[in-house]
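Asker: Here you go, coords_21.cif (mmCIF, C-alpha atoms):
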```
data_entry
loop_
_atom_site.group_PDB
_atom_site.id
_atom_site.type_symbol
_atom_site.label_atom_id
_atom_site.label_comp_id
_atom_site.auth_asym_id
_atom_site.auth_seq_id
_atom_site.Cartn_x
_atom_site.Cartn_y
_atom_site.Cartn_z
ATOM 1 C CA MET B 1 -8.826 3.920 9.869
ATOM 2 C CA ARG B 2 -10.885 7.081 9.539
ATOM 3 C CA ILE B 3 -12.819 7.540 6.306
ATOM 4 C CA PHE B 4 -14.104 11.036 5.499
ATOM 5 C CA THR B 5 -16.849 11.193 2.847
ATOM 6 C CA LYS B 6 -18.473 14.214 1.199
ATOM 7 C CA LYS B 7 -21.214 13.977 -1.402
ATOM 8 C CA LEU B 8 -20.797 16.134 -4.517
ATOM 9 C CA PRO B 9 -23.552 17.830 -6.541
ATOM 10 C CA HIS B 10 -24.040 16.701 -10.115
ATOM 11 C CA PRO B 11 -21.393 18.409 -12.302
ATOM 12 C CA ASP B 12 -23.988 19.541 -14.886
ATOM 13 C CA LEU B 13 -25.994 21.604 -12.391
ATOM 14 C CA PRO B 14 -25.778 25.424 -12.494
ATOM 15 C CA ALA B 15 -23.294 27.007 -10.101
ATOM 16 C CA GLU B 16 -26.006 28.636 -7.965
ATOM 17 C CA GLU B 17 -27.847 25.350 -7.503
ATOM 18 C CA LYS B 18 -24.568 23.617 -6.574
ATOM 19 C CA ALA B 19 -23.879 26.269 -3.950
ATOM 20 C CA GLN B 20 -27.345 25.775 -2.432
ATOM 21 C CA LEU B 21 -26.971 22.003 -2.305
ATOM 22 C CA LEU B 22 -23.597 22.270 -0.565
ATOM 23 C CA GLN B 23 -25.358 23.977 2.349
ATOM 24 C CA ASN B 24 -27.556 20.927 2.975
ATOM 25 C CA SER B 25 -26.545 18.394 5.626
ATOM 26 C CA GLU B 26 -26.602 15.654 2.975
ATOM 27 C CA TYR B 27 -23.571 17.277 1.335
ATOM 28 C CA GLN B 28 -21.556 17.858 4.512
ATOM 29 C CA GLU B 29 -18.494 15.758 5.228
ATOM 30 C CA MET B 30 -19.063 12.682 7.391
ATOM 31 C CA MET B 31 -16.504 10.537 9.187
ATOM 32 C CA VAL B 32 -16.642 6.854 10.056
ATOM 33 C CA GLU B 33 -14.033 4.584 11.594
ATOM 34 C CA SER B 34 -13.384 1.241 9.954
ATOM 35 C CA THR B 35 -11.010 -1.673 10.229
ATOM 36 C CA PHE B 36 -9.016 -2.879 7.232
ATOM 37 C CA MET B 37 -7.317 -6.072 6.077
ATOM 38 C CA TYR B 38 -5.095 -4.394 3.488
ATOM 39 C CA LEU B 39 -4.447 -0.964 1.987
ATOM 40 C CA THR B 40 -5.268 -0.415 -1.679
ATOM 41 C CA LEU B 41 -2.755 1.855 -3.413
ATOM 42 C CA ASP B 42 -3.986 3.563 -6.583
ATOM 43 C CA LEU B 43 -1.620 4.013 -9.515
ATOM 44 C CA PRO B 44 -1.695 7.083 -11.767
ATOM 45 C CA THR B 45 -3.144 6.524 -15.209
ATOM 46 C CA ALA B 46 -0.560 5.058 -17.583
ATOM 47 C CA PRO B 47 0.193 7.179 -20.690
ATOM 48 C CA LEU B 48 -1.019 5.940 -24.058
ATOM 49 C CA TYR B 49 1.576 7.700 -26.226
ATOM 50 C CA LYS B 50 4.864 6.199 -27.403
ATOM 51 C CA ASP B 51 8.410 7.512 -27.376
ATOM 52 C CA GLU B 52 10.577 8.290 -30.426
ATOM 53 C CA LYS B 53 11.394 4.574 -30.823
ATOM 54 C CA GLU B 54 7.707 3.674 -30.989
ATOM 55 C CA GLN B 55 7.888 1.981 -27.601
ATOM 56 C CA LEU B 56 5.271 2.494 -24.941
ATOM 57 C CA ILE B 57 6.617 4.593 -22.086
ATOM 58 C CA ILE B 58 6.392 2.800 -18.748
ATOM 59 C CA PRO B 59 6.030 5.452 -16.035
ATOM 60 C CA GLN B 60 7.440 5.222 -12.531
ATOM 61 C CA VAL B 61 5.988 6.475 -9.266
ATOM 62 C CA PRO B 62 7.474 6.581 -5.728
ATOM 63 C CA LEU B 63 5.777 4.453 -3.085
ATOM 64 C CA PHE B 64 5.298 7.496 -0.849
ATOM 65 C CA SER B 65 3.345 9.260 -3.621
ATOM 66 C CA ILE B 66 0.656 6.581 -3.721
ATOM 67 C CA LEU B 67 0.726 6.238 0.081
ATOM 68 C CA ALA B 68 -0.338 9.904 0.281
ATOM 69 C CA LYS B 69 -3.896 8.600 -0.138
ATOM 70 C CA PHE B 70 -3.807 7.832 3.601
ATOM 71 C CA ASN B 71 -2.347 11.089 4.933
ATOM 72 C CA GLY B 72 -5.746 12.443 5.965
ATOM 73 C CA ALA B 73 -5.583 15.385 3.542
ATOM 74 C CA THR B 74 -5.498 13.909 0.023
ATOM 75 C CA GLU B 75 -8.977 13.777 -1.518
ATOM 76 C CA LYS B 76 -10.070 11.424 -4.267
ATOM 77 C CA GLU B 77 -13.309 11.393 -6.211
ATOM 78 C CA TYR B 78 -15.332 8.179 -6.350
ATOM 79 C CA LYS B 79 -18.137 7.756 -8.846
ATOM 80 C CA THR B 80 -21.170 5.513 -8.649
ATOM 81 C CA TYR B 81 -23.985 5.048 -11.148
ATOM 82 C CA LYS B 82 -25.908 8.044 -9.794
ATOM 83 C CA GLU B 83 -23.704 9.938 -7.340
ATOM 84 C CA ASN B 84 -20.177 11.274 -6.878
ATOM 85 C CA PHE B 85 -18.252 11.447 -3.596
ATOM 86 C CA LEU B 86 -14.997 12.913 -2.324
ATOM 87 C CA LYS B 87 -13.155 10.688 0.129
ATOM 88 C CA ARG B 88 -10.005 10.968 2.212
ATOM 89 C CA PHE B 89 -8.403 8.421 4.520
ATOM 90 C CA GLN B 90 -6.302 8.554 7.661
ATOM 91 C CA LEU B 91 -4.688 5.727 9.604
ATOM 92 C CA THR B 92 -5.304 5.506 13.343
ATOM 93 C CA LYS B 93 -3.330 2.344 14.073
ATOM 94 C CA LEU B 94 -0.346 0.509 12.611
ATOM 95 C CA PRO B 95 -0.535 -3.303 12.943
ATOM 96 C CA PRO B 96 2.511 -5.611 13.211
ATOM 97 C CA TYR B 97 2.069 -6.518 9.541
ATOM 98 C CA LEU B 98 0.755 -4.387 6.686
ATOM 99 C CA ILE B 99 -0.440 -5.622 3.304
ATOM 100 C CA PHE B 100 -0.327 -3.269 0.325
ATOM 101 C CA CYS B 101 -2.409 -4.117 -2.736
ATOM 102 C CA ILE B 102 -1.248 -2.044 -5.696
ATOM 103 C CA LYS B 103 -4.268 -1.578 -7.953
ATOM 104 C CA ARG B 104 -2.917 -2.683 -11.330
ATOM 105 C CA PHE B 105 -6.112 -4.064 -12.818
ATOM 106 C CA THR B 106 -9.239 -2.169 -13.855
ATOM 107 C CA LYS B 107 -12.311 -3.810 -15.327
ATOM 108 C CA ASN B 108 -14.881 -2.289 -17.629
ATOM 109 C CA ASN B 109 -17.800 -3.781 -19.535
ATOM 110 C CA PHE B 110 -15.554 -5.299 -22.179
ATOM 111 C CA PHE B 111 -12.153 -6.328 -20.819
ATOM 112 C CA VAL B 112 -9.600 -6.057 -18.015
ATOM 113 C CA GLU B 113 -6.749 -3.573 -18.345
ATOM 114 C CA LYS B 114 -3.403 -3.713 -16.563
ATOM 115 C CA ASN B 115 -1.402 -0.664 -15.484
ATOM 116 C CA PRO B 116 2.339 -1.362 -15.993
ATOM 117 C CA THR B 117 3.563 1.558 -13.843
ATOM 118 C CA ILE B 118 6.682 0.686 -11.834
ATOM 119 C CA VAL B 119 6.476 1.568 -8.147
ATOM 120 C CA ASN B 120 9.808 2.705 -6.721
ATOM 121 C CA PHE B 121 10.076 1.492 -3.139
ATOM 122 C CA PRO B 122 12.836 0.886 -0.596
ATOM 123 C CA ILE B 123 13.266 -2.602 0.818
ATOM 124 C CA THR B 124 13.698 -1.419 4.408
ATOM 125 C CA ASN B 125 13.126 1.530 6.706
ATOM 126 C CA VAL B 126 9.743 2.797 5.479
ATOM 127 C CA ASP B 127 8.428 5.146 8.177
ATOM 128 C CA LEU B 128 4.634 5.569 8.202
ATOM 129 C CA ARG B 129 4.368 7.939 11.170
ATOM 130 C CA GLU B 130 3.167 10.867 9.040
ATOM 131 C CA TYR B 131 0.103 8.861 7.952
ATOM 132 C CA LEU B 132 -1.167 8.570 11.533
ATOM 133 C CA SER B 133 -3.467 11.168 13.032
ATOM 134 C CA GLU B 134 -1.639 13.527 15.377
ATOM 135 C CA GLU B 135 -3.416 12.367 18.523
ATOM 136 C CA VAL B 136 -2.354 8.725 18.068
ATOM 137 C CA GLN B 137 1.248 9.279 16.949
ATOM 138 C CA ALA B 138 2.457 9.387 20.545
ATOM 139 C CA ALA B 139 0.982 5.937 21.204
ATOM 140 C CA HIS B 140 3.067 4.381 18.422
ATOM 141 C CA THR B 141 6.710 3.981 19.392
ATOM 142 C CA ASN B 142 7.630 1.990 16.284
ATOM 143 C CA THR B 143 6.296 3.125 12.923
ATOM 144 C CA THR B 144 9.041 1.772 10.649
ATOM 145 C CA TYR B 145 8.404 -1.192 8.341
ATOM 146 C CA ASP B 146 10.579 -3.580 6.345
ATOM 147 C CA LEU B 147 9.467 -5.518 3.284
ATOM 148 C CA ILE B 148 9.292 -9.292 3.783
ATOM 149 C CA ALA B 149 7.300 -10.458 0.724
ATOM 150 C CA ASN B 150 6.583 -9.098 -2.750
ATOM 151 C CA ILE B 151 4.170 -10.654 -5.259
ATOM 152 C CA VAL B 152 4.705 -9.740 -8.903
ATOM 153 C CA HIS B 153 2.405 -10.141 -11.892
ATOM 154 C CA ASP B 154 4.098 -10.544 -15.278
ATOM 155 C CA GLY B 155 2.453 -10.412 -18.684
ATOM 156 C CA LYS B 156 -1.074 -9.675 -19.836
ATOM 157 C CA PRO B 157 -4.038 -9.598 -17.425
ATOM 158 C CA SER B 158 -5.555 -12.804 -18.807
ATOM 159 C CA GLU B 159 -2.347 -14.683 -19.670
ATOM 160 C CA GLY B 160 0.144 -13.534 -17.072
ATOM 161 C CA SER B 161 2.026 -15.388 -14.365
ATOM 162 C CA TYR B 162 3.064 -14.686 -10.798
ATOM 163 C CA ARG B 163 6.420 -14.556 -9.040
ATOM 164 C CA ILE B 164 6.977 -14.196 -5.304
ATOM 165 C CA HIS B 165 9.955 -12.605 -3.585
ATOM 166 C CA VAL B 166 10.393 -13.757 0.009
ATOM 167 C CA LEU B 167 12.859 -12.649 2.646
ATOM 168 C CA HIS B 168 14.393 -15.424 4.742
ATOM 169 C CA HIS B 169 13.873 -13.279 7.794
ATOM 170 C CA VAL B 170 16.456 -13.127 10.578
ATOM 171 C CA SER B 171 14.568 -13.368 13.876
ATOM 172 C CA VAL B 172 15.790 -11.470 16.907
ATOM 173 C CA PRO B 173 15.839 -13.318 20.275
ATOM 174 C CA ARG B 174 13.412 -11.807 22.773
ATOM 175 C CA PRO B 175 13.710 -11.693 26.565
ATOM 176 C CA GLY B 176 11.679 -14.354 28.335
ATOM 177 C CA GLY B 177 9.729 -14.037 31.551
ATOM 178 C CA GLY B 178 12.301 -15.474 33.973
ATOM 179 C CA ASP B 179 12.502 -18.909 35.565
ATOM 180 C CA LYS B 180 10.250 -20.304 38.279
ATOM 181 C CA GLU B 181 12.782 -19.582 41.024
ATOM 182 C CA GLY B 182 12.630 -15.856 40.311
ATOM 183 C CA GLY B 183 16.000 -15.692 38.627
ATOM 184 C CA PRO B 184 17.009 -13.282 35.874
ATOM 185 C CA PRO B 185 14.913 -13.170 32.685
ATOM 186 C CA SER B 186 15.800 -15.814 30.174
ATOM 187 C CA VAL B 187 16.168 -15.326 26.445
ATOM 188 C CA THR B 188 13.593 -16.958 24.234
ATOM 189 C CA SER B 189 15.455 -19.209 21.837
ATOM 190 C CA VAL B 190 14.688 -19.137 18.129
ATOM 191 C CA PRO B 191 14.701 -22.656 16.643
ATOM 192 C CA SER B 192 15.732 -21.593 13.144
ATOM 193 C CA GLN B 193 17.682 -18.446 12.299
ATOM 194 C CA GLY B 194 17.100 -16.947 8.869
ATOM 195 C CA THR B 195 19.817 -15.997 6.423
ATOM 196 C CA GLY B 196 18.575 -12.501 5.668
ATOM 197 C CA LYS B 197 18.664 -13.314 1.933
ATOM 198 C CA TRP B 198 15.931 -12.800 -0.660
ATOM 199 C CA TYR B 199 14.561 -15.666 -2.762
ATOM 200 C CA GLU B 200 12.352 -15.730 -5.834
ATOM 201 C CA LEU B 201 9.672 -18.432 -6.109
ATOM 202 C CA GLN B 202 7.930 -19.308 -9.355
ATOM 203 C CA ASP B 203 6.051 -22.587 -9.546
ATOM 204 C CA LEU B 204 8.524 -25.115 -8.080
ATOM 205 C CA GLN B 205 11.656 -23.081 -8.808
ATOM 206 C CA VAL B 206 13.443 -21.232 -6.009
ATOM 207 C CA THR B 207 16.417 -18.994 -6.814
ATOM 208 C CA ASP B 208 18.419 -16.275 -5.076
ATOM 209 C CA ILE B 209 17.663 -12.695 -6.042
ATOM 210 C CA LEU B 210 19.388 -9.428 -5.266
ATOM 211 C CA PRO B 211 17.286 -6.894 -3.346
ATOM 212 C CA GLN B 212 17.999 -4.303 -6.045
ATOM 213 C CA MET B 213 16.197 -6.463 -8.617
ATOM 214 C CA ILE B 214 13.013 -6.636 -6.540
ATOM 215 C CA THR B 215 12.419 -2.906 -6.890
ATOM 216 C CA LEU B 216 12.367 -3.203 -10.712
ATOM 217 C CA SER B 217 9.401 -5.561 -10.786
ATOM 218 C CA GLU B 218 5.699 -4.861 -11.347
ATOM 219 C CA ALA B 219 4.808 -5.290 -7.690
ATOM 220 C CA TYR B 220 1.188 -6.279 -7.096
ATOM 221 C CA ILE B 221 0.893 -7.306 -3.436
ATOM 222 C CA GLN B 222 3.414 -6.550 -0.709
ATOM 223 C CA ILE B 223 3.711 -7.607 2.942
ATOM 224 C CA TRP B 224 5.557 -5.317 5.328
ATOM 225 C CA LYS B 225 6.650 -6.149 8.867
ATOM 226 C CA ARG B 226 6.791 -3.516 11.578
ATOM 227 C CA ARG B 227 10.225 -3.172 13.104
ATOM 228 C CA GLU B 228 10.184 -3.809 16.843
ATOM 229 C CA GLU B 229 12.321 -2.008 19.415
ATOM 230 C CA ASP B 230 15.021 -4.674 19.593
ATOM 231 C CA GLU B 231 15.247 -4.841 15.813
ATOM 232 C CA THR B 232 15.516 -1.039 15.606
ATOM 233 C CA ASN B 233 18.368 -1.108 18.105
ATOM 234 C CA GLN B 234 20.186 -3.757 16.071
ATOM 235 C CA GLN B 235 19.773 -1.700 12.892
ATOM 236 C CA GLY B 236 21.273 1.313 14.600
ATOM 237 C CA ALA B 237 24.128 -0.596 16.242
#
```
Hey, can you dump this file as structure tokens for me?

Answerer:
Amino acid sequence: MRIFTKKLPHPDLPAEEKAQLLQNSEYQEMMVESTFMYLTLDLPTAPLYKDEKEQLIIPQVPLFSILAKFNGATEKEYKTYKENFLKRFQLTKLPPYLIFCIKRFTKNNFFVEKNPTIVNFPITNVDLREYLSEEVQAAHTNTTYDLIANIVHDGKPSEGSYRIHVLHHVSVPRPGGGDKEGGPPSVTSVPSQGTGKWYELQDLQVTDILPQMITLSEAYIQIWKRREEDETNQQGA
């Protein structure tokens, strides 16, 4: 991942002094490359007002809107105790598995707040090609991902509980390397074929769940699996 960082002058400074500081090398944009274990997706601030029935309005946001953080163009301001920075992110590689952490919890000096925003996401066929830099797009044949696990947090930050949605994944047989006599390639056998169904796990309870119900939950952590060539062919068959 490429991380672009640009230091900002203090907002209370006069405009002329800001313009002078922006000419210094300290305030020029810098780029570093970094590895990542997961991608943090920021939610928009939840509204505090209520509707006509005195119920808090729970907003919704598309997954692709919060993924725009990694398109290489979207800038976000980060504040520290003394300094402010503008940062933007761009992916340079797509691993076989991606973990999304949806940032629902924010902590201040007094308590932890939870953002109840619902993220609208498809279960399959999420293409992340546009989030790769142009020079590395050609090196990635497969950029489509399918959801295989979804962790949900219900309730208040300090008293809530977790549910997990898991796909009983259907594995696709892969060609083997051929036998010792130089015969035709064999097919690697899969010891246990999945059902392709979704299950919900909470404590020791396991129940079936419809894929449509998963998208209505307050998703917190998601695991996505990159679709390989043989799986893409099966989807299109």

Asker: Taking all atoms listed in the file into account, which of B:Thr195, B:Asp146, B:Pro157, B:Glu113 comes nearest B:Val170?

Answerer: B:Thr195

Asker: Select from stretch 33-92 of chain B every residue with an atom at most 9 Å from any atom of stretch 123-143 of chain B, then for each give the shortest pair of atoms and their distance in Å to one decimal, using only C-alpha atoms, rows by chain and rising number, as CSV.

Answerer:
```
residue,atom,partner,partner_atom,distance
B:Leu67,CA,B:Tyr131,CA,8.3
B:Ala68,CA,B:Tyr131,CA,7.8
B:Phe70,CA,B:Tyr131,CA,5.9
B:Asn71,CA,B:Tyr131,CA,4.5
B:Gly72,CA,B:Tyr131,CA,7.1
B:Gln90,CA,B:Tyr131,CA,6.4
B:Leu91,CA,B:Leu132,CA,4.9
B:Thr92,CA,B:Leu132,CA,5.5
```

Asker: So what does the PyMOL selection byres ((chain B and resi 198) around 12) actually pick up in this one, as a list in words?

Answerer: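 Selected by the PyMOL selection byres ((chain B and resi 198) around 12) in this file: Ile123, Leu147, Ile148, Ala149, Asn150, Ile164, His165, Val166, Leu167, His168, His169, Val170, Gly194, Thr195, Gly196, Lys197, Tyr199, Glu200, Leu201, Val206, Thr207, Asp208, Ile209, Leu210, Pro211, Gln212, Met213 and Ile214 of chain B.
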
Asker: Have a look at B:Met31, B:Pro11, B:Lys156, B:Glu26 and name the one nearest to B:Val112; count all atoms listed in the file.

Answerer: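 Answer, going by the shortest atom-to-atom distance: B:Lys156.
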
Asker: Please, what distance in Å, to one decimal, runs between atom CA of B:Lys107 and atom CA of B:Gly160?

Answerer: 15.9 Å

Asker: Under the rule that all atoms listed in the file are counted, which of B:Gln60, B:Gln28, B:Thr45, B:Thr40 is the nearest residue to B:Ile118?

Answerer: B:Gln60

Asker: Interatomic distance between atom CA of B:Ile99 and atom CA of B:Asn115?

Answerer: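 Between atom CA of B:Ile99 and atom CA of B:Asn115 the gap is 19.5 Å.
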
Asker: If the PyMOL selection byres ((chain B and resi 75-89) around 8) were run on this exact file, what residues would it hold? Put them as number ranges by chain.

Answerer: B: 1-10, 69-74, 90-91

Asker: For atom CA of B:Ile151 and atom CA of B:Gln222, quote the distance in Å rounded to one decimal.

Answerer: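 Interatomic distance here is 6.2 Å.
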
Asker: Excluding same-chain residues fewer than 2 positions from B:Leu41, what lies within 8 Å of it counting only C-alpha atoms, as a ChimeraX atom specification?

Answerer: /B:39,43,66-67,69,100-103
